[in-house]
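Colleague: Structure file data15.txt, compact mmCIF, C-alpha atoms and all ligand atoms, is pasted below:
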```txt
# COMPACT_ATOMS: atom_id res chain seq x y z
CA MET A 1 129.50 86.48 110.33
CA LEU A 2 129.76 89.92 111.86
CA ARG A 3 130.10 91.49 108.44
CA SER A 4 126.92 89.89 107.13
CA ALA A 5 125.08 90.96 110.25
CA VAL A 6 126.05 94.57 109.61
CA VAL A 7 124.90 94.33 106.02
CA ALA A 8 121.59 92.85 107.12
CA LEU A 9 121.13 95.59 109.68
CA THR A 10 121.83 98.27 107.10
CA LEU A 11 119.29 96.76 104.70
CA CYS A 12 116.81 96.42 107.45
CA CYS A 13 116.82 99.99 108.57
CA ALA A 14 117.35 101.83 105.31
CA ALA A 15 114.36 100.16 103.68
CA PRO A 16 111.47 101.86 105.47
CA ALA A 17 112.70 105.35 104.60
CA ALA A 18 113.31 104.37 100.99
CA VAL A 19 109.76 103.13 100.49
CA ALA A 20 107.97 105.64 102.71
CA ALA A 21 104.78 106.51 100.92
CA THR A 22 103.90 109.99 99.78
CA CYS A 23 100.34 110.50 100.89
CA SER A 24 99.51 113.58 98.89
CA VAL A 25 99.87 114.93 95.38
CA ASP A 26 99.81 118.45 93.95
CA LEU A 27 97.59 118.79 90.90
CA GLU A 28 97.25 121.90 88.76
CA GLY A 29 94.49 122.96 86.39
CA ASN A 30 94.84 125.87 83.97
CA ASP A 31 92.90 128.21 81.68
CA ALA A 32 93.58 125.87 78.75
CA MET A 33 91.36 123.23 80.39
CA ARG A 34 94.22 120.91 81.29
CA PHE A 35 95.55 119.18 84.36
CA ASP A 36 99.32 118.97 84.71
CA LYS A 37 99.13 115.25 85.44
CA SER A 38 97.59 112.30 83.61
CA SER A 39 98.05 109.79 86.41
CA ILE A 40 98.01 109.72 90.19
CA GLU A 41 99.44 106.92 92.30
CA VAL A 42 97.86 106.27 95.68
CA SER A 43 99.74 104.13 98.18
CA ARG A 44 97.57 101.65 100.01
CA SER A 45 99.87 102.16 103.02
CA CYS A 46 98.50 105.70 103.52
CA ARG A 47 95.80 106.18 106.12
CA THR A 48 94.45 109.05 104.07
CA PHE A 49 95.50 110.48 100.72
CA THR A 50 95.19 114.16 99.83
CA ILE A 51 94.95 115.77 96.42
CA ASN A 52 95.89 119.45 96.53
CA LEU A 53 94.31 121.19 93.54
CA LYS A 54 95.54 124.57 92.33
CA HIS A 55 93.98 126.58 89.51
CA THR A 56 96.93 128.34 87.94
CA GLY A 57 94.80 130.33 85.51
CA GLN A 58 92.84 133.57 85.86
CA LEU A 59 89.40 132.69 84.52
CA ALA A 60 86.44 132.65 86.92
CA GLN A 61 84.89 129.57 88.48
CA ALA A 62 81.75 129.90 86.33
CA VAL A 63 83.77 130.12 83.10
CA MET A 64 86.72 127.76 83.63
CA GLY A 65 85.95 126.06 86.92
CA HIS A 66 87.95 123.04 87.98
CA ASN A 67 87.42 120.30 90.53
CA VAL A 68 88.70 116.79 90.90
CA VAL A 69 86.37 113.80 91.10
CA ILE A 70 87.38 110.16 91.57
CA THR A 71 85.26 107.26 90.40
CA THR A 72 85.68 103.99 88.52
CA GLU A 73 86.39 104.09 84.82
CA SER A 74 83.12 102.26 84.18
CA ASP A 75 81.04 104.66 86.31
CA PHE A 76 82.76 107.74 84.90
CA PRO A 77 80.40 108.50 81.97
CA ALA A 78 77.25 108.47 84.12
CA VAL A 79 78.87 110.25 87.07
CA ASP A 80 80.11 112.95 84.72
CA ALA A 81 76.76 113.37 82.95
CA GLN A 82 74.73 113.46 86.16
CA GLY A 83 77.26 115.78 87.77
CA ARG A 84 76.80 118.22 84.92
CA GLN A 85 73.04 118.21 85.57
CA ALA A 86 73.62 118.77 89.30
CA GLY A 87 75.09 122.16 88.54
CA LEU A 88 77.70 124.41 90.08
CA GLU A 89 75.78 124.67 93.37
CA ASN A 90 76.54 120.96 93.86
CA ALA A 91 80.13 121.20 92.60
CA TYR A 92 78.95 119.33 89.49
CA VAL A 93 78.51 116.11 91.47
CA LYS A 94 75.12 114.43 91.97
CA PRO A 95 74.39 114.83 95.70
CA GLY A 96 75.05 111.64 97.65
CA ASP A 97 76.48 109.83 94.64
CA ALA A 98 77.89 106.60 96.15
CA ARG A 99 79.90 105.95 92.97
CA VAL A 100 82.07 108.96 93.80
CA VAL A 101 85.08 108.00 95.92
CA ALA A 102 85.93 111.63 96.59
CA HIS A 103 85.53 115.08 95.09
CA SER A 104 86.72 118.59 95.74
CA PRO A 105 84.84 121.89 95.48
CA VAL A 106 84.95 123.78 92.17
CA ILE A 107 87.54 126.57 92.09
CA GLY A 108 88.37 129.43 89.74
CA GLY A 109 91.65 131.02 88.66
CA GLY A 110 94.15 131.67 91.42
CA GLU A 111 92.33 129.48 93.93
CA THR A 112 93.35 126.28 95.67
CA THR A 113 91.40 123.47 97.31
CA SER A 114 92.01 119.92 98.41
CA VAL A 115 90.20 116.64 98.86
CA ARG A 116 91.13 113.80 101.17
CA PHE A 117 90.05 110.18 101.10
CA SER A 118 91.01 106.78 102.43
CA PRO A 119 92.87 104.54 99.96
CA SER A 120 90.74 101.70 101.36
CA ARG A 121 87.90 103.18 99.27
CA LEU A 122 89.74 102.00 96.16
CA GLY A 123 88.97 98.38 95.33
CA ASN A 124 90.12 96.04 92.58
CA ASP A 125 88.86 98.23 89.77
CA SER A 126 90.18 100.84 87.36
CA TYR A 127 89.79 104.35 88.73
CA VAL A 128 89.97 107.77 87.13
CA PHE A 129 90.17 111.37 88.27
CA PHE A 130 88.53 114.08 86.23
CA CYS A 131 87.07 117.60 86.28
CA SER A 132 83.28 117.43 86.18
CA PHE A 133 82.78 121.02 85.03
CA PRO A 134 80.64 120.67 81.87
CA GLY A 135 82.76 119.58 78.93
CA HIS A 136 86.06 119.49 80.77
CA SER A 137 86.47 115.73 81.23
CA ALA A 138 87.23 115.34 77.52
CA LEU A 139 90.63 116.86 78.29
CA MET A 140 90.83 116.84 82.08
CA LYS A 141 90.97 113.16 82.97
CA GLY A 142 93.60 110.72 84.18
CA THR A 143 94.12 107.44 85.95
CA VAL A 144 94.22 106.71 89.68
CA THR A 145 96.32 103.67 90.49
CA LEU A 146 96.60 101.93 93.83
CA VAL A 147 100.23 101.03 94.58
CA PRO A 148 101.90 99.30 97.53
CO CO B 1 87.62 122.05 84.83
```
I need this file expressed as structure tokens, please.

Modeller:
Amino acid sequence: MLRSAVVALTLCCAAPAAVAATCSVDLEGNDAMRFDKSSIEVSRSCRTFTINLKHTGQLAQAVMGHNVVITTESDFPAVDAQGRQAGLENAYVKPGDARVVAHSPVIGGGETTSVRFSPSRLGNDSYVFFCSFPGHSALMKGTVTLVP
């Protein structure tokens, strides 16, 4: 009786630390037009989730700029195309685009930036992250998955 109570207590109190959510991720982009990750997991238990983006290359923002944009897989083609038209002055995102869950500024080599959003913005849909610099999403794209 006492023994099982101790076991239960141990299980009880070890569990929260074991499943504590990580509410940020470090993402790198390089001069070869690649991210270092193809998937990002976002815990729904996080109040906010932060993506820290680092450009590990040397090329300038106007040549090899990188950002990170989150939208649904189905909205991605149009968001990407209209972002391209919006230009660098708008971080290659159509101003006020409600299909965009979150996006960071565009950075060049050696720079860092971050973007923060509420996991509650992610519904029951398939989401992607990508770089909206013209032409980059062909290589710089991955999945965003909501996890417990
Ligand atoms: Co890019």

Colleague: For Ala91 in chain A, please output as a ChimeraX atom specification all residues within 10 Å (counting all atoms listed in the file; exclusion window: fewer than 2 positions along the same chain).

Modeller: /A:65-69,83-84,86-89,93-95,103-107,132-133

Colleague: Do you know which residues are within 12 Å of ligand CO 1 (chain B) using only C-alpha atoms and all ligand atoms? Can you write them as an NGL selection string?

Modeller: :A and (28-35 or 53-57 or 59-69 or 80 or 84 or 88 or 91-92 or 104-109 or 129-141)

Colleague: With C-alpha atoms kept, could you save the residues just selected as a tab-separated table (two decimals), in the frame of the given file?

Modeller:
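Wrote it out as out.tsv, contents follow:
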```tsv
chain	number	residue	atom	x	y	z
A	28	GLU	CA	97.25	121.90	88.76
A	29	GLY	CA	94.49	122.96	86.39
A	30	ASN	CA	94.84	125.87	83.97
A	31	ASP	CA	92.90	128.21	81.68
A	32	ALA	CA	93.58	125.87	78.75
A	33	MET	CA	91.36	123.23	80.39
A	34	ARG	CA	94.22	120.91	81.29
A	35	PHE	CA	95.55	119.18	84.36
A	53	LEU	CA	94.31	121.19	93.54
A	54	LYS	CA	95.54	124.57	92.33
A	55	HIS	CA	93.98	126.58	89.51
A	56	THR	CA	96.93	128.34	87.94
A	57	GLY	CA	94.80	130.33	85.51
A	59	LEU	CA	89.40	132.69	84.52
A	60	ALA	CA	86.44	132.65	86.92
A	61	GLN	CA	84.89	129.57	88.48
A	62	ALA	CA	81.75	129.90	86.33
A	63	VAL	CA	83.77	130.12	83.10
A	64	MET	CA	86.72	127.76	83.63
A	65	GLY	CA	85.95	126.06	86.92
A	66	HIS	CA	87.95	123.04	87.98
A	67	ASN	CA	87.42	120.30	90.53
A	68	VAL	CA	88.70	116.79	90.90
A	69	VAL	CA	86.37	113.80	91.10
A	80	ASP	CA	80.11	112.95	84.72
A	84	ARG	CA	76.80	118.22	84.92
A	88	LEU	CA	77.70	124.41	90.08
A	91	ALA	CA	80.13	121.20	92.60
A	92	TYR	CA	78.95	119.33	89.49
A	104	SER	CA	86.72	118.59	95.74
A	105	PRO	CA	84.84	121.89	95.48
A	106	VAL	CA	84.95	123.78	92.17
A	107	ILE	CA	87.54	126.57	92.09
A	108	GLY	CA	88.37	129.43	89.74
A	109	GLY	CA	91.65	131.02	88.66
A	129	PHE	CA	90.17	111.37	88.27
A	130	PHE	CA	88.53	114.08	86.23
A	131	CYS	CA	87.07	117.60	86.28
A	132	SER	CA	83.28	117.43	86.18
A	133	PHE	CA	82.78	121.02	85.03
A	134	PRO	CA	80.64	120.67	81.87
A	135	GLY	CA	82.76	119.58	78.93
A	136	HIS	CA	86.06	119.49	80.77
A	137	SER	CA	86.47	115.73	81.23
A	138	ALA	CA	87.23	115.34	77.52
A	139	LEU	CA	90.63	116.86	78.29
A	140	MET	CA	90.83	116.84	82.08
A	141	LYS	CA	90.97	113.16	82.97
```

Colleague: What does the distance from CA of Ser118 in chain A to CA of Arg47 in chain A come to in Å, to one decimal?

Modeller: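 If I compute the distance from CA of Ser118 in chain A to CA of Arg47 in chain A, I get 6.1 Å.
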
Colleague: So which one's closest to Ser45 in chain A, A:Thr113, A:Gln82, A:Ser126, A:Ser120? Using all atoms listed in the file, please.

Modeller: A:Ser120

Colleague: Which distance in Å separates CA of Ser43 in chain A and CA of Val25 in chain A, to one decimal?

Modeller: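 According to the coordinates, CA of Ser43 in chain A and CA of Val25 in chain A are separated by 11.2 Å.
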
Colleague: Please, what distance in Å, to one decimal, runs between CA of Thr50 in chain A and CA of Ala78 in chain A?

Modeller: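 So the two atoms, CA of Thr50 in chain A and CA of Ala78 in chain A, lie 24.5 Å apart.
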
Colleague: Emit as lines of an AutoDock Vina configuration file the padded axis-aligned box for all listed atoms of range 123-128 of chain A, 5 Å per side, with centre and edge lengths in Å to one decimal.

Modeller:
```
center_x = 89.5
center_y = 101.9
center_z = 91.2
size_x = 11.3
size_y = 21.7
size_z = 18.2
```

Colleague: For Asp26 in chain A, which residue out of A:Asn90, A:Ser114, A:Asn52, A:Ser38 is the nearest one, using all atoms listed in the file?

Modeller: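 Closest residue, counting all atoms listed in the file: A:Asn52.
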
Colleague: Using only C-alpha atoms for the distances, tell me which of A:Gln58, A:Thr72, A:Arg44, A:Leu27 is nearest to Pro148 in chain A.

Modeller: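 Of the candidates, the smallest distance to Pro148 in chain A is held by A:Arg44.
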
Colleague: Give the answer as one residue: which of A:Thr145, A:Gln85, A:Thr71, A:Thr112 has the shortest atom-to-atom distance to Glu41 in chain A, using all atoms listed in the file?

Modeller: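 Closest to Glu41 in chain A, using all atoms listed in the file: A:Thr145.
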